[in-house]
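Notes follow the structure.
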Amino acid sequence: MTTATAPAATRPGTVRNRVLWTLQILLGLFFVIASGAPKLIMPGTLSENASANLSIPFALLIFIGIAEVAGGIGLMVRKLSALAAAGLSVLTVLAAGTQAFIADMPGMAIFPLVLAAIFAWIAYERRGTVTELRNSLSR
């Protein structure tokens, strides 16, 4: 009896890979366009519109914007996806902590925590790309 290989459409992991890439592209675009870019383009307006109990220094706001744009781009680059997802996971956990404890709005911390869990899953699933990146840099 011979064993035939499964067609590409039913191979295990194909659907998961498509789901991961869809999430990575959507979240990457979100972090580049909707989250990071406004912090870089109009940081003064964001600082003025912030609530009274949440004053973020201008330099920190710019740093967060750069980190979000870099993470969003990294999510969409195959070899950088695991590291970008890990970095964005840390960033969103810190954002949740800021919302819950500094801004005193714990209800607003739920969205960043959900994003952190998604990024942690992406980082775990794409962990093989870290080895590929290390090998390509060591040549």
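Quick note on naming: the chains in the structure tokens go A, B, ... in the order shown, residues restart at 1 in each chain, and ligands are numbered from 1 in order of appearance.
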Which of chain A counts as alpha helix (DSSP H) under DSSP, as a ChimeraX atom specification please? /A:14-29,37-41,43-49,58-75,81-97,110-125,128-138
Can you tell me which residues surround A:Gln24 at a distance of at most 10 Å, considering only C-alpha atoms, apart from same-chain residues fewer than 2 positions away, and format the answer as number ranges by chain? A: 18-22, 26-30, 72-78, 81, 84-85, 118-119, 122
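Coordinates place atom CA of A:Val130 at a distance of 27.7 Å from atom CA of A:Gly97.
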Rounded to one decimal, what separation in Å do you get between atom CA of A:Ala95 and atom CA of A:Pro112?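 Computing it gives 6.5 Å between the two atoms.
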Between A:Trp121, A:Phe58, A:Phe101, A:Phe63, which is the closest to A:Ala37 once you count only C-alpha atoms? A:Phe63
Residues within 12 Å of A:Leu60, please, as a list in words. Count only C-alpha atoms; anything in the same chain fewer than 3 positions from it doesn't count. Lys39, Leu40, Pro43, Ser47, Ser55, Ile56, Pro57, Phe63, Ile64, Gly65, Ile66 and Ala67 of chain A
Could the residues in this selection be saved with C-alpha atoms as a compact mmCIF listing (two decimals), in the first residue's frame?
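Wrote it out as result27.txt, contents follow:
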```
# COMPACT_ATOMS: atom_id res chain seq x y z
CA LYS A 39 1.96 59.88 16.93
CA LEU A 40 4.67 60.86 14.44
CA PRO A 43 2.14 64.47 18.32
CA SER A 47 -0.73 65.52 23.66
CA SER A 55 0.38 63.31 30.30
CA ILE A 56 2.98 61.60 28.13
CA PRO A 57 6.27 63.40 27.49
CA PHE A 63 9.40 56.84 20.61
CA ILE A 64 6.13 54.91 20.94
CA GLY A 65 5.11 56.01 17.43
CA ILE A 66 8.43 54.84 15.98
CA ALA A 67 8.14 51.51 17.84
```
From the options A:Ile41, A:Ala50, A:Ala82, A:Ile25, which residue's atoms come nearest to A:Ile62, counting only C-alpha atoms?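 Among the listed residues, A:Ile41 lies closest to A:Ile62.
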When you look at A:Ala109 with a cut-off of 8 Å (counting only C-alpha atoms), what residues show up, excluding the ones that are within fewer than 4 positions of it in the same chain? I need them as a list in words.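 Residues near the query, excluding close chain neighbours: Ala95, Ala96, Gly97, Gln99, Ala100, Met105 and Leu113 of chain A.
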